[in-house]
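Here the structure is laid out as structure tokens; the discussion comes afterwards.
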Amino acid sequence: MTDIIRSDAVQKLLDRAAGVGEAGGDARLKRIVRDLLEALMTIIERHDISESEFWRGVDFLGRGAGEFGLIAPGLGIEHFLDLHMDAKDAEAGRSGGTPRTIEGPLYVAGAPLVDGGLTTTNDVNLTTDPDDTEELTMAGRVTGPDGEPVKNAILHVWHANSKGFYSHFDPTGEQSPFNNRRRIRLGADGRYAFHSKMPRGYSVPPEGAAEQLMQWLGRHGDRPAHVHFFIEAPGYRTLTTQINFGDDPHAHDDFAFGTREGLLPVPDRSGGNPAVLFDFVLQRAESANDEGFSSRPRASA
């Protein structure tokens, strides 16, 4: 086994490859690239990765580029970003609020913006297309850290249909644009209510890169039934979260690590169809950046 990472030749190689000492470029990016390259070279040396293995890995990444949005959560990287942000909040003395969790790759910007609250007339319907399954109802409040109603909030909601497919990403091509997707404009009381057709959990695309990687790792690629949310409001930090239905077989075994305590409601079926009461608690914004979305690339229609 070699031990050359700390050698003068490799350290000089890393500096040159990352542009260290060059006048142009982004200084922060140079530091990140240098650390990334050094970590990769360390792994190659530690595990004695052969030339053939390295290029097979490069080939896999090239062929799997279209599924990086699934591979990143499947390897826990997206969840790690949440844990990293949680740790920074704790270090800064910020606590409380509904837990954040992964966004996933299937949000689509531009969903219809509708008024919605708890009154019968404003109970928003998310589902456009027929779907032979249970009807889900969900309602609750959006409040701030002191229990105050959050005024003028926009609740973004999206989920799969009963086949586990999302509109705009449905391989059958059968769904209408923005089926099971809405932006709901809340009133001064911060209350919301919507109904839709109950989503189903799903698996990564069969025979795709994510499934192949999960098989190599001895893992599955299944997600429980869930509903995604963004919540934005003036003066509050934008929240990215989702609920996993607590009675789903994969609720605590989500391949994408989206499950978090406080985000596992069990639907009440005492009235026949599943119903969920769920309140969201936002943190106050400390800067304009807190009120915005991350710059993650997202689909639009």
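Every chain in the structure tokens takes a letter, A first, then B, and so on in the order presented; its residues are numbered from 1, and the ligands are numbered from 1 following the presented order.
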task = Quick one: everything within 10 Å of Tyr166 (chain A), counting only C-alpha atoms, minus sequence neighbours fewer than 5 positions away in the same chain. Send it as a list in words.
result =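 My reading of the contact set: Leu106, Tyr107, Val108, Trp158, His159, Ala160, Asn161, Pro171, Gln175, Pro177, Phe178, Asn179, Asn180, Arg181 and Pro199 of chain A.
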Each region 126-208 of chain A residue no farther than 12 Å from region 94-97 of chain A, nearest pair in Å, only C-alpha atoms, as JSON lines:
{"residue": "A:Val142", "atom": "CA", "partner": "A:Gly97", "partner_atom": "CA", "distance": 10.4}
{"residue": "A:Thr143", "atom": "CA", "partner": "A:Gly97", "partner_atom": "CA", "distance": 9.1}
{"residue": "A:Gly144", "atom": "CA", "partner": "A:Gly97", "partner_atom": "CA", "distance": 7.9}
{"residue": "A:Pro145", "atom": "CA", "partner": "A:Gly97", "partner_atom": "CA", "distance": 6.5}
{"residue": "A:Asp146", "atom": "CA", "partner": "A:Gly97", "partner_atom": "CA", "distance": 10.0}
{"residue": "A:Gly147", "atom": "CA", "partner": "A:Gly97", "partner_atom": "CA", "distance": 10.3}
inquiry  = Report, in Å to a single decimal, how far apart CA of Asp170 (chain A) and CA of Ile231 (chain A) are.
reply    = 24.9 Å
Region 99-179 of chain A near region 249-271 of chain A within 10 Å: what's each residue's closest atom pair and its distance in Å to one decimal, counting only C-alpha atoms, ordered by chain then ascending residue number, as JSON lines?
{"residue": "A:Pro99", "atom": "CA", "partner": "A:Gly262", "partner_atom": "CA", "distance": 7.1}
{"residue": "A:Arg100", "atom": "CA", "partner": "A:Arg260", "partner_atom": "CA", "distance": 8.4}
{"residue": "A:Thr101", "atom": "CA", "partner": "A:Gly258", "partner_atom": "CA", "distance": 5.9}
{"residue": "A:Ile102", "atom": "CA", "partner": "A:Gly258", "partner_atom": "CA", "distance": 5.7}
{"residue": "A:Glu103", "atom": "CA", "partner": "A:Gly258", "partner_atom": "CA", "distance": 8.7}
{"residue": "A:Gly104", "atom": "CA", "partner": "A:Ala256", "partner_atom": "CA", "distance": 8.5}
{"residue": "A:Leu136", "atom": "CA", "partner": "A:Pro267", "partner_atom": "CA", "distance": 8.7}
{"residue": "A:Thr137", "atom": "CA", "partner": "A:Pro267", "partner_atom": "CA", "distance": 9.2}
{"residue": "A:Met138", "atom": "CA", "partner": "A:Pro267", "partner_atom": "CA", "distance": 9.1}
Since we have the selection now, will you write its residues out, keeping C-alpha atoms, as an mmCIF file, in the first residue's frame?
data_model
loop_
_atom_site.group_PDB
_atom_site.id
_atom_site.type_symbol
_atom_site.label_atom_id
_atom_site.label_comp_id
_atom_site.auth_asym_id
_atom_site.auth_seq_id
_atom_site.Cartn_x
_atom_site.Cartn_y
_atom_site.Cartn_z
ATOM 1 C CA PRO A 99 -38.126 20.230 11.239
ATOM 2 C CA ARG A 100 -36.741 20.754 7.787
ATOM 3 C CA THR A 101 -36.215 17.743 5.593
ATOM 4 C CA ILE A 102 -35.221 16.924 2.043
ATOM 5 C CA GLU A 103 -36.843 18.649 -0.934
ATOM 6 C CA GLY A 104 -36.250 15.885 -3.449
ATOM 7 C CA LEU A 136 -56.889 12.478 1.586
ATOM 8 C CA THR A 137 -57.801 15.575 3.577
ATOM 9 C CA MET A 138 -55.224 17.647 5.402
#
For Val150 (chain A), list every protein, DNA or RNA residue within 9 Å, evaluated using only C-alpha atoms, and leave out those in the same chain fewer than 5 positions away; present the list as a CSV table (one decimal) with N, CA, C and O atoms, in the first residue's frame.
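File produced: selection_11.csv:
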chain,number,residue,atom,x,y,z
A,141,ARG,N,-52.7,24.7,10.9
A,141,ARG,CA,-52.3,26.1,11.0
A,141,ARG,C,-50.8,26.3,10.7
A,141,ARG,O,-50.0,25.4,11.0
A,142,VAL,N,-50.5,27.5,10.3
A,142,VAL,CA,-49.1,27.9,10.2
A,142,VAL,C,-48.9,29.0,11.2
A,142,VAL,O,-49.5,30.1,11.1
A,143,THR,N,-48.0,28.8,12.1
A,143,THR,CA,-47.8,29.8,13.2
A,143,THR,C,-46.3,30.1,13.3
A,143,THR,O,-45.5,29.4,12.7
A,144,GLY,N,-46.0,31.2,14.0
A,144,GLY,CA,-44.6,31.6,14.3
A,144,GLY,C,-44.2,30.9,15.6
A,144,GLY,O,-44.9,30.2,16.2
A,186,LEU,N,-52.7,31.6,2.1
A,186,LEU,CA,-53.4,31.6,3.3
A,186,LEU,C,-53.8,33.0,3.8
A,186,LEU,O,-53.3,34.0,3.4
A,187,GLY,N,-54.8,33.0,4.7
A,187,GLY,CA,-55.3,34.3,5.2
A,187,GLY,C,-54.6,34.7,6.4
A,187,GLY,O,-53.5,34.2,6.8
A,188,ALA,N,-55.2,35.7,7.1
A,188,ALA,CA,-54.6,36.3,8.3
A,188,ALA,C,-54.5,35.3,9.5
A,188,ALA,O,-53.7,35.5,10.4
A,189,ASP,N,-55.4,34.3,9.5
A,189,ASP,CA,-55.3,33.3,10.6
A,189,ASP,C,-54.3,32.2,10.4
A,189,ASP,O,-54.2,31.4,11.3
A,190,GLY,N,-53.7,32.1,9.3
A,190,GLY,CA,-52.7,31.1,9.0
A,190,GLY,C,-53.2,29.7,8.9
A,190,GLY,O,-52.5,28.7,8.9
A,191,ARG,N,-54.5,29.6,8.7
A,191,ARG,CA,-55.1,28.2,8.6
A,191,ARG,C,-55.1,27.8,7.1
A,191,ARG,O,-55.2,28.6,6.2
A,233,ALA,N,-43.4,33.1,3.8
A,233,ALA,CA,-44.2,34.2,4.4
A,233,ALA,C,-43.3,35.4,4.7
A,233,ALA,O,-42.1,35.2,5.2
A,234,PRO,N,-43.7,36.6,4.5
A,234,PRO,CA,-42.9,37.8,4.9
A,234,PRO,C,-42.5,37.8,6.4
A,234,PRO,O,-43.4,37.5,7.3
A,236,TYR,N,-40.6,35.6,7.8
A,236,TYR,CA,-40.3,34.2,8.4
A,236,TYR,C,-39.3,33.5,7.4
A,236,TYR,O,-39.3,33.8,6.2
A,281,VAL,N,-44.8,25.2,12.2
A,281,VAL,CA,-44.3,26.3,13.0
A,281,VAL,C,-43.0,26.8,12.3
A,281,VAL,O,-42.1,26.1,12.0
A,282,LEU,N,-43.1,28.1,11.9
A,282,LEU,CA,-42.0,28.7,11.2
A,282,LEU,C,-41.0,29.5,12.2
A,282,LEU,O,-41.5,29.9,13.2
request  = Looking only at strand (DSSP E or B) from DSSP on the backbone, list the matching residues of region 137-233 of chain A as a VMD selection string.
outcome  = chain A and resid 137 to 143 149 154 to 158 181 to 185 191 to 197 202 to 203 222 to 223 226 to 232
query = Rounded to one decimal in Å, what is the spacing between CA of Asp131 (chain A) and CA of Pro274 (chain A)?
reply =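 Value for the CA of Asp131 (chain A)-CA of Pro274 (chain A) distance: 15.2 Å.
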Among the residues A:Asp26, A:Asp59, A:Asp115, A:Asp86, the one that comes closest to His156 (chain A) [using only C-alpha atoms] =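 Answer, going by the shortest atom-to-atom distance: A:Asp115.
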request  = Give the helix (DSSP H, G or I) residues of region 4-113 of chain A, as assigned by DSSP on the backbone, as a VMD selection string.
outcome  = chain A and resid 8 to 17 27 to 46 51 to 63 65 to 74 77 to 91
task = May I ask for the distance between CA of Phe54 (chain A) and CA of Val204 (chain A), given in Å to one decimal place?
result =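 Rounded to one decimal, the two atoms are 25.0 Å apart.
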ask   = Which of these, A:Ala92, A:Met1, A:Leu213, A:Val114, has the shortest distance to Leu155 (chain A) once you count only C-alpha atoms?
value =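 Selected residue with least distance to Leu155 (chain A): A:Val114.
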inquiry  = Env of Thr133 (chain A): 9 Å cut, atoms = only C-alpha atoms, seq-sep filter 4 positions within chain, self excluded. Answer as an MDAnalysis selection string.
reply    = chainID A and resid 162 197:199
Would you output that residue set with N, CA, C and O atoms, as a PDB file, in the first residue's frame?
ATOM      1  N   SER A 162     -51.640   7.750  -7.052  1.00  0.00           N
ATOM      2  CA  SER A 162     -51.741   6.431  -6.417  1.00  0.00           C
ATOM      3  C   SER A 162     -50.850   5.383  -7.079  1.00  0.00           C
ATOM      4  O   SER A 162     -50.727   4.264  -6.574  1.00  0.00           O
ATOM      5  N   LYS A 197     -56.186  13.106  -3.900  1.00  0.00           N
ATOM      6  CA  LYS A 197     -56.178  11.649  -3.920  1.00  0.00           C
ATOM      7  C   LYS A 197     -54.920  11.137  -3.222  1.00  0.00           C
ATOM      8  O   LYS A 197     -53.824  11.632  -3.461  1.00  0.00           O
ATOM      9  N   MET A 198     -55.111  10.158  -2.357  1.00  0.00           N
ATOM     10  CA  MET A 198     -54.030   9.661  -1.502  1.00  0.00           C
ATOM     11  C   MET A 198     -52.824   9.215  -2.324  1.00  0.00           C
ATOM     12  O   MET A 198     -52.946   8.386  -3.226  1.00  0.00           O
ATOM     13  N   PRO A 199     -51.638   9.760  -2.032  1.00  0.00           N
ATOM     14  CA  PRO A 199     -50.440   9.321  -2.756  1.00  0.00           C
ATOM     15  C   PRO A 199     -49.978   7.944  -2.291  1.00  0.00           C
ATOM     16  O   PRO A 199     -50.340   7.477  -1.216  1.00  0.00           O
TER      17      PRO A 199
END
